[in-house]
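Only one structure is covered here, and it is reproduced in the block below.
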Amino acid sequence: MKLETVIGLEIHAQLKTRSKIFCGCSTAFGAAPNTHTCPICLGMPGVLPVLNRKVVEFAIKLGLATGSTIKPFSQFARKNYFYPDLPKGYQTSQFDLPIIEHGFIEIEADGIEKKIGITRIHMEEDAGKLIHDEHEPVSFVDLNRTGTPLLEIVSEPDMRSSEEAVAYLKKIHLLLRYLDICDGNMQEGSFRCDANISMRPLGQEQLGIRTELKNMNSFRNVQAALEFEIRRQRDLLLDGEKVIQETLLWNPDKNRTESMRGKEDAHDYRYFPCPDLIPVVIDEAWIAEVRKLLPELPDERQKRFVTDFGLPEYDARILTGTRELADYFERALQVCNAPKKLSNWIMTEFLREIKGDVGPWIACCKVVPESLGALIDLLEKGKISGKIAKTVFLVMMETGKAPLDIIKEQNLDQVSDHDELSALVKEIVAAHPSQAEEFKGGKTKLMGFFVGQLMQKTKGKANPQVANELFTKELAG
Amino acid sequence: MYPYELTIGQALEKLNSKELSSRELTLSCLDRIADIDGHIKAFISVNRDYALAMADKADAAKGDERGVLCGIPVSIKDLLCTKGIATTCGSKILENFIPPYSATVVDRLEQEGAVILGKTSMDEFAMGSTSETCAFKVPENPWRRGYVAGGSSGGSAASVAACECLASLGSDTGGSIRQPASLCGVVGMKPTYGRVSRYGLVAYASSLDQVGPFSRDVRDCALMMNVIAGYDTKDSTSVQRAKPDYTQSLITGMKGVKIGIPKEYFGAGLDPEVEAVVRKGAALLQEAGAEIVDVSLPHTDYCVAVYYLIAPAEASSNLARYDGVLYGYRDMTAESLIDMYKESRSAGFGAEVKRRILLGTYALSSGYYDAYYKKASQVRTIITNDFKKAFELCDVLISPVAPSPAWKFGEKGDDPLEMYLSDIFSISANLAGIPGISVPGGFSREGLPIGIQLQGPHFKEEVLFRVAYNIEKSAGVSDKRPVL
């Protein structure tokens, strides 16, 4: 029996709004516990929520970027359950009338392009956090995160492998970063993902029994957890056993999924429309206004890099792989007219230096894009050699100084002056008569030796092309 | 005449002419409370020092600093948050809760110089029709010992009727202002849903709750509305709409006004004495120039059923926050989280609150939602349409507020359904979101007050004030006070 994997993802993206979804408290991460709270997000008696319009704007942005239907009328609903990190005893979310429906994105996995459907995207509030004492059976509640706006993005069960699922996840991540509505930090939990996974005989329409995977806080964990779960389900089914519908937690230390059974009974969330909030009404004018705020999206930008700058697809994909890198490239290009040379440099010398996530690294990188552009310009115009460029770049990385300043300070200008160089060339040929003879006798490989000698004398500053010409002329005689 | 007996209108004249100081007036009320509240039990808490400080501030205010209620002592239902002052909601679970914020309506009263004397007794979380479910004090009807003041805002109504204060704020989810106003012989208005901010009103059923005033005459009620009505950025369900000066609608004469008599409100179960008072009220309006028309609200019979699905459903969610985690009563003996929830809520809530939480939880449960909550919401729309059609034929509906005058304590205690059915005339206004007012219309042979209810279209409080004013002028009962 040939089995087909079916995966659907639920993504929770924390929005980068300055204040919370229903009150004016800050959403900043990492503050002292319970300092970013007020009677509203603490769920005190008699307080009422007021919707942050920015949250709706961000949702519309994502809706537009995923080709979705933005509903003219949507509604908040209450999801009722008891937990100490949920001070109201319900989460204000959306249920039967979400703000966004019927979208899709395009992904590429294993060299194949594919459309993945988005069922719905809805707005909701995040819960707080419990902190369990390591030594005593005591728990603490931190409600700073309570009321942080989230978008829940629910995909269709359109993915057929862990690679497709990760490609989808990365693409949504990229879109959120391009739209600048979520910082995408998986470790801090501002970008979270749960997966629904099932198997069915190839060709069968009906879906198999699914499990839900949670606790995967990196792309690598998502991939590993899905692969583990695919193998586990496949082994069960091929042995004639059944998959049990349950929630599983990924244990990254043991590299396996573990059942959550017992911890989570079948919840009845008793959803009903939230009577404290009026329906969210979005007209065409609002959508048009938000559309104007949309940046160029990754797919469009990748295409433009190919057509406008003549870059290969491969370069374009890597450069547009994060908004920050693409922005960096375009800013550097303002001062040098050599897209391919710049691209090569960014993909090798520049990216080699990167530690951690590209975005934050670029934000604190000492080499501003205009400086890198200037360096490439000097290289392109033959003012410095590739070797010197690399030396200058390392100094730039360390000091943040402009390339010309470094070249001047360290006296690294390339010497292209024929008169200055031909005197040295004559000197070198005279000093090495046997090599000169051999060269004249046909051993042209020795050109490298002569140029090397010149470079030594000029501390690498001689223009190699000019050096070649001068030696050829000198040794021809 | 003692200062505490004055209406707001009379008191303002004396205060503005310096014939009386706010301190004198406030002390007069505080003394009155000290004298009689032992048996009226209208107040859960009285803040003497705070009240006198506010009174002194009012006395010191000059010119523009003097708000429209400058120096007027009022009481506040203990369901409305008062910054720094315990707000119990009549429940053990919030016995020691002191909010760090005030309800918008409380802020507005204070901005206009009102003096807050204390917080009034009420049914626990406003769930009840007699205030008997209050965990601390059950108010008594000032007109007769051993009789209920009504509910849930029984303490507010009793405090105004017994002249312990000049006016009060209550809340009305299914008649909780109008019914005790009727039973205690004072004026009480439930404004249009969205007319008054709910911020800081502890929620019972959010889509039905509305804050409103109690007063001893219609003009005072209009004055109170002038202060509390209006849009509030903190309440998304409050409506951005110009607010009129309600005192301008107190016009003598009813020419050009059509009064509708909904036939469904005069059927079996209505006390004949109550019917007589309402019919007399209609006749007086006719004499004053009004046209009387018969109208129908055909779905009236469904109101109680719809209300007792929607209100408990919302309450089951609204009251989930009383879990013992962050504030309020917590059982300290529980060994686990689940036990802490169970024990805290079992001990903290009274029987009626628990009954409604269970009812509401059931109505929202998976598999029952469509049959109960959703169906009730659909019927609610039909009931609202009944009113829209009726208001095509008339400007105001006249009807009883409650099927009978006040009754004895414990008389309807055994059968919650019988108690629920007594709300039949008042809950439809909440379901439809329309304004309603109860104005004193007469007395029973036993000497118990009987109110007349007027209901109008959305945001037409002015018309209600005009009609209520004319009833007050002609019925001749508004200056009667209980002998205490």
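By order of appearance in the structure tokens: chains A, B, ..., then residues from 1 within every chain, and ligands from 1 in the order shown.
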Next item on the list: Give me, as JSON, numbers by chain, the contact residues of chain A against chain B at a cut-off of 9 Å, counting only C-alpha atoms.
Entry: {"A": [39, 42, 43, 44, 45, 46, 47, 48, 49, 50, 51, 78, 80, 81, 82, 83, 84, 86, 87, 88, 89, 90, 268, 269, 270, 271, 272, 274, 275, 276, 277, 278]}
Item checked: Interatomic distance (Å, one decimal) between CA of Ala109 (chain A) and CA of Met159 (chain A) ->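 If I compute the distance from CA of Ala109 (chain A) to CA of Met159 (chain A), I get 10.3 Å.
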Notebook entry, point to check: Which one of B:Cys70, B:Val227, B:Val257, B:Leu454 sits closest to Lys14 (chain B) if you count only C-alpha atoms?
Noted result: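 Ranking B:Cys70, B:Val227, B:Val257, B:Leu454 by distance to Lys14 (chain B), first place goes to B:Cys70.
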Check: Expressed in Å to a single decimal, how great is the separation between CA of Pro416 (chain B) and CA of Pro142 (chain B)?
Finding: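 Pair CA of Pro416 (chain B) / CA of Pro142 (chain B) returns 24.6 Å.
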Note to self: What's around Thr384 (chain B) at 8 Å? Count only C-alpha atoms, leave out sequence neighbours fewer than 2 positions away in its own chain, and write the answer as a list in words.
What the structure shows: Arg380, Thr381, Ile382, Asp386, Phe387, Lys388, Leu431, Ala432 and Gly433 of chain B
Shell around Met127 (chain B) at 7 Å using only C-alpha atoms, local window under 5 positions removed, as a PDB file with all heavy atoms, in the first residue's frame:
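Written output follows (selection.pdb):
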```
ATOM      1  N   SER B 152     -32.957  44.049  40.557  1.00  0.00           N
ATOM      2  CA  SER B 152     -31.829  43.841  41.450  1.00  0.00           C
ATOM      3  C   SER B 152     -31.328  45.113  42.132  1.00  0.00           C
ATOM      4  O   SER B 152     -30.643  45.035  43.148  1.00  0.00           O
ATOM      5  CB  SER B 152     -30.667  43.222  40.660  1.00  0.00           C
ATOM      6  OG  SER B 152     -30.186  44.129  39.697  1.00  0.00           O
ATOM      7  N   GLU B 352     -28.364  31.481  43.418  1.00  0.00           N
ATOM      8  CA  GLU B 352     -28.982  31.975  42.179  1.00  0.00           C
ATOM      9  C   GLU B 352     -27.922  32.210  41.102  1.00  0.00           C
ATOM     10  O   GLU B 352     -28.127  31.917  39.931  1.00  0.00           O
ATOM     11  CB  GLU B 352     -29.769  33.265  42.452  1.00  0.00           C
ATOM     12  CG  GLU B 352     -30.523  33.831  41.254  1.00  0.00           C
ATOM     13  CD  GLU B 352     -31.573  32.867  40.681  1.00  0.00           C
ATOM     14  OE1 GLU B 352     -32.097  32.024  41.441  1.00  0.00           O
ATOM     15  OE2 GLU B 352     -31.843  32.948  39.465  1.00  0.00           O
ATOM     16  N   VAL B 353     -26.771  32.742  41.518  1.00  0.00           N
ATOM     17  CA  VAL B 353     -25.681  32.971  40.563  1.00  0.00           C
ATOM     18  C   VAL B 353     -25.224  31.636  39.981  1.00  0.00           C
ATOM     19  O   VAL B 353     -25.045  31.488  38.767  1.00  0.00           O
ATOM     20  CB  VAL B 353     -24.513  33.724  41.231  1.00  0.00           C
ATOM     21  CG1 VAL B 353     -23.290  33.751  40.331  1.00  0.00           C
ATOM     22  CG2 VAL B 353     -24.944  35.147  41.572  1.00  0.00           C
TER      23      VAL B 353
END
```
Item checked: Those of region 86-195 of chain A in DSSP strand (DSSP E), formatted as a VMD selection string -> chain A and resid 90 to 93 100 to 109 112 to 125 129 to 132 139 to 142 149 to 155 191 to 195
At a cut-off of 7 Å, using only C-alpha atoms, what residues contact Cys193 (chain A)? Leave out same-chain residues fewer than 4 positions from it and give the result as a PDB file with all heavy atoms, in the first residue's frame.
```
ATOM      1  N   LEU A   9      -1.130  23.307   8.527  1.00  0.00           N
ATOM      2  CA  LEU A   9      -0.460  24.042   9.607  1.00  0.00           C
ATOM      3  C   LEU A   9      -1.349  25.145  10.166  1.00  0.00           C
ATOM      4  O   LEU A   9      -2.099  25.783   9.441  1.00  0.00           O
ATOM      5  CB  LEU A   9       0.853  24.668   9.116  1.00  0.00           C
ATOM      6  CG  LEU A   9       1.971  23.734   8.660  1.00  0.00           C
ATOM      7  CD1 LEU A   9       3.205  24.551   8.303  1.00  0.00           C
ATOM      8  CD2 LEU A   9       2.321  22.707   9.712  1.00  0.00           C
ATOM      9  N   GLU A  10      -1.214  25.345  11.472  1.00  0.00           N
ATOM     10  CA  GLU A  10      -1.844  26.495  12.142  1.00  0.00           C
ATOM     11  C   GLU A  10      -0.707  27.345  12.696  1.00  0.00           C
ATOM     12  O   GLU A  10       0.069  26.878  13.521  1.00  0.00           O
ATOM     13  CB  GLU A  10      -2.713  26.029  13.311  1.00  0.00           C
ATOM     14  CG  GLU A  10      -4.084  25.557  12.902  1.00  0.00           C
ATOM     15  CD  GLU A  10      -4.856  24.950  14.060  1.00  0.00           C
ATOM     16  OE1 GLU A  10      -4.600  25.320  15.227  1.00  0.00           O
ATOM     17  OE2 GLU A  10      -5.709  24.092  13.790  1.00  0.00           O
ATOM     18  N   ILE A  11      -0.635  28.570  12.207  1.00  0.00           N
ATOM     19  CA  ILE A  11       0.458  29.448  12.634  1.00  0.00           C
ATOM     20  C   ILE A  11      -0.111  30.569  13.498  1.00  0.00           C
ATOM     21  O   ILE A  11      -1.153  31.139  13.176  1.00  0.00           O
ATOM     22  CB  ILE A  11       1.178  30.046  11.405  1.00  0.00           C
ATOM     23  CG1 ILE A  11       1.825  28.920  10.595  1.00  0.00           C
ATOM     24  CG2 ILE A  11       2.207  31.086  11.831  1.00  0.00           C
ATOM     25  CD1 ILE A  11       2.310  29.352   9.230  1.00  0.00           C
ATOM     26  N   HIS A  12       0.562  30.849  14.599  1.00  0.00           N
ATOM     27  CA  HIS A  12       0.199  32.013  15.424  1.00  0.00           C
ATOM     28  C   HIS A  12       1.303  33.049  15.287  1.00  0.00           C
ATOM     29  O   HIS A  12       2.453  32.777  15.653  1.00  0.00           O
ATOM     30  CB  HIS A  12       0.057  31.617  16.888  1.00  0.00           C
ATOM     31  CG  HIS A  12      -1.216  30.888  17.174  1.00  0.00           C
ATOM     32  ND1 HIS A  12      -1.311  29.526  17.163  1.00  0.00           N
ATOM     33  CD2 HIS A  12      -2.461  31.346  17.458  1.00  0.00           C
ATOM     34  CE1 HIS A  12      -2.551  29.169  17.425  1.00  0.00           C
ATOM     35  NE2 HIS A  12      -3.279  30.251  17.612  1.00  0.00           N
ATOM     36  N   MET A 216       6.940  23.019  18.656  1.00  0.00           N
ATOM     37  CA  MET A 216       8.054  22.974  17.695  1.00  0.00           C
ATOM     38  C   MET A 216       8.531  24.404  17.503  1.00  0.00           C
ATOM     39  O   MET A 216       7.933  25.147  16.738  1.00  0.00           O
ATOM     40  CB  MET A 216       7.552  22.393  16.375  1.00  0.00           C
ATOM     41  CG  MET A 216       6.904  21.022  16.550  1.00  0.00           C
ATOM     42  SD  MET A 216       6.082  20.443  15.057  1.00  0.00           S
ATOM     43  CE  MET A 216       4.671  21.529  14.970  1.00  0.00           C
TER      44      MET A 216
END
```
Note to self: So that I can check the surroundings of Asp85 (chain A), please list as a VMD selection string every protein, DNA and RNA residue that reaches within 7 Å of it, counting only C-alpha atoms and ignoring chain neighbours fewer than 4 positions away.
What the structure shows: chain A and resid 127 to 130 141 143
Check: What is the distance, in Å and to one decimal place, between CA of Thr26 (chain B) and CA of Pro73 (chain B)?
Finding: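 These two atoms are separated by 5.9 Å.
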Item checked: Near-Leu249 (chain A) list (7 Å; only C-alpha atoms; drop same-chain fewer than 2 positions) as an MDAnalysis selection string -> chainID A and resid 213:215 247 251 257:260
Note to self: Counting only C-alpha atoms, which residue out of A:Leu207, A:Leu236, A:Leu319, A:Val425 sits closest to Thr458 (chain A)?
What the structure shows: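 Using only C-alpha atoms, Thr458 (chain A) sits closest to A:Val425.
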Next item on the list: Just list the residues in region 292-335 of chain B DSSP gives alpha helix (DSSP H) on the backbone, as JSON, numbers by chain.
Entry: {"B": [303, 304, 305, 306, 307, 308, 309, 310, 311, 312, 313, 314, 315, 316, 317, 318]}
How would the residues just picked look written out with all heavy atoms as a compact mmCIF listing (two decimals), in the first residue's frame?
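Final output, again_17.txt:
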```txt
# COMPACT_ATOMS: atom_id res chain seq x y z
N CYS B 303 -40.54 36.32 25.59
CA CYS B 303 -39.48 37.17 26.16
C CYS B 303 -38.77 36.51 27.34
O CYS B 303 -37.54 36.55 27.43
CB CYS B 303 -40.06 38.51 26.61
SG CYS B 303 -40.47 39.56 25.22
N VAL B 304 -39.54 35.93 28.25
CA VAL B 304 -38.92 35.36 29.44
C VAL B 304 -37.97 34.23 29.06
O VAL B 304 -36.83 34.15 29.53
CB VAL B 304 -39.99 34.88 30.44
CG1 VAL B 304 -39.34 34.14 31.62
CG2 VAL B 304 -40.78 36.07 30.96
N ALA B 305 -38.43 33.36 28.15
CA ALA B 305 -37.59 32.23 27.73
C ALA B 305 -36.31 32.72 27.04
O ALA B 305 -35.21 32.24 27.33
CB ALA B 305 -38.38 31.31 26.80
N VAL B 306 -36.47 33.70 26.16
CA VAL B 306 -35.31 34.22 25.43
C VAL B 306 -34.32 34.88 26.41
O VAL B 306 -33.12 34.63 26.37
CB VAL B 306 -35.76 35.24 24.36
CG1 VAL B 306 -34.57 36.02 23.82
CG2 VAL B 306 -36.49 34.53 23.24
N TYR B 307 -34.88 35.67 27.31
CA TYR B 307 -34.03 36.36 28.29
C TYR B 307 -33.26 35.36 29.14
O TYR B 307 -32.05 35.53 29.36
CB TYR B 307 -34.88 37.27 29.18
CG TYR B 307 -34.09 37.96 30.26
CD1 TYR B 307 -33.42 39.15 30.00
CD2 TYR B 307 -33.99 37.41 31.54
CE1 TYR B 307 -32.68 39.77 30.99
CE2 TYR B 307 -33.25 38.02 32.53
CZ TYR B 307 -32.60 39.21 32.26
OH TYR B 307 -31.86 39.82 33.25
N TYR B 308 -33.95 34.33 29.62
CA TYR B 308 -33.28 33.39 30.52
C TYR B 308 -32.40 32.38 29.79
O TYR B 308 -31.90 31.44 30.39
CB TYR B 308 -34.29 32.75 31.49
CG TYR B 308 -34.56 33.71 32.63
CD1 TYR B 308 -35.68 34.55 32.63
CD2 TYR B 308 -33.65 33.85 33.67
CE1 TYR B 308 -35.89 35.48 33.63
CE2 TYR B 308 -33.85 34.78 34.68
CZ TYR B 308 -34.97 35.58 34.67
OH TYR B 308 -35.15 36.52 35.66
N LEU B 309 -32.21 32.56 28.49
CA LEU B 309 -31.13 31.86 27.78
C LEU B 309 -29.98 32.81 27.52
O LEU B 309 -28.82 32.50 27.80
CB LEU B 309 -31.65 31.28 26.46
CG LEU B 309 -32.55 30.06 26.63
CD1 LEU B 309 -33.25 29.71 25.32
CD2 LEU B 309 -31.72 28.87 27.11
N ILE B 310 -30.29 34.00 26.99
CA ILE B 310 -29.22 34.94 26.62
C ILE B 310 -28.49 35.49 27.84
O ILE B 310 -27.26 35.49 27.89
CB ILE B 310 -29.79 36.08 25.74
CG1 ILE B 310 -30.17 35.51 24.37
CG2 ILE B 310 -28.78 37.21 25.60
CD1 ILE B 310 -30.83 36.48 23.44
N ALA B 311 -29.25 35.94 28.83
CA ALA B 311 -28.60 36.55 30.00
C ALA B 311 -27.71 35.54 30.74
O ALA B 311 -26.54 35.83 31.00
CB ALA B 311 -29.64 37.17 30.93
N PRO B 312 -28.19 34.33 31.06
CA PRO B 312 -27.29 33.38 31.73
C PRO B 312 -26.11 32.96 30.85
O PRO B 312 -25.01 32.74 31.37
CB PRO B 312 -28.19 32.18 32.05
CG PRO B 312 -29.57 32.73 32.05
CD PRO B 312 -29.57 33.81 31.02
N ALA B 313 -26.32 32.85 29.54
CA ALA B 313 -25.22 32.46 28.65
C ALA B 313 -24.09 33.49 28.76
O ALA B 313 -22.92 33.14 28.97
CB ALA B 313 -25.71 32.36 27.21
N GLU B 314 -24.44 34.77 28.64
CA GLU B 314 -23.42 35.82 28.75
C GLU B 314 -22.83 35.84 30.16
O GLU B 314 -21.62 36.00 30.34
CB GLU B 314 -24.01 37.18 28.38
CG GLU B 314 -24.37 37.26 26.89
CD GLU B 314 -24.93 38.61 26.48
OE1 GLU B 314 -24.88 39.56 27.27
OE2 GLU B 314 -25.43 38.70 25.33
N ALA B 315 -23.69 35.63 31.16
CA ALA B 315 -23.21 35.64 32.54
C ALA B 315 -22.21 34.52 32.79
O ALA B 315 -21.20 34.71 33.47
CB ALA B 315 -24.39 35.51 33.50
N SER B 316 -22.47 33.35 32.20
CA SER B 316 -21.57 32.21 32.45
C SER B 316 -20.15 32.55 32.00
O SER B 316 -19.18 32.11 32.60
CB SER B 316 -22.08 30.96 31.74
OG SER B 316 -21.90 31.06 30.34
N SER B 317 -20.03 33.35 30.95
CA SER B 317 -18.72 33.78 30.46
C SER B 317 -18.21 34.98 31.26
O SER B 317 -17.05 35.03 31.66
CB SER B 317 -18.86 34.12 28.97
OG SER B 317 -17.68 34.67 28.46
N ASN B 318 -19.10 35.95 31.51
CA ASN B 318 -18.68 37.16 32.24
C ASN B 318 -18.18 36.85 33.65
O ASN B 318 -17.32 37.55 34.17
CB ASN B 318 -19.85 38.14 32.34
CG ASN B 318 -20.09 38.89 31.04
OD1 ASN B 318 -19.17 39.09 30.25
ND2 ASN B 318 -21.33 39.30 30.81
```
Check: Of the candidates B:Asp245, B:Glu462, B:Asp301, B:Glu140, which shows the shortest atom-to-atom distance to Gly155 (chain B), using only C-alpha atoms?
Finding: B:Glu140
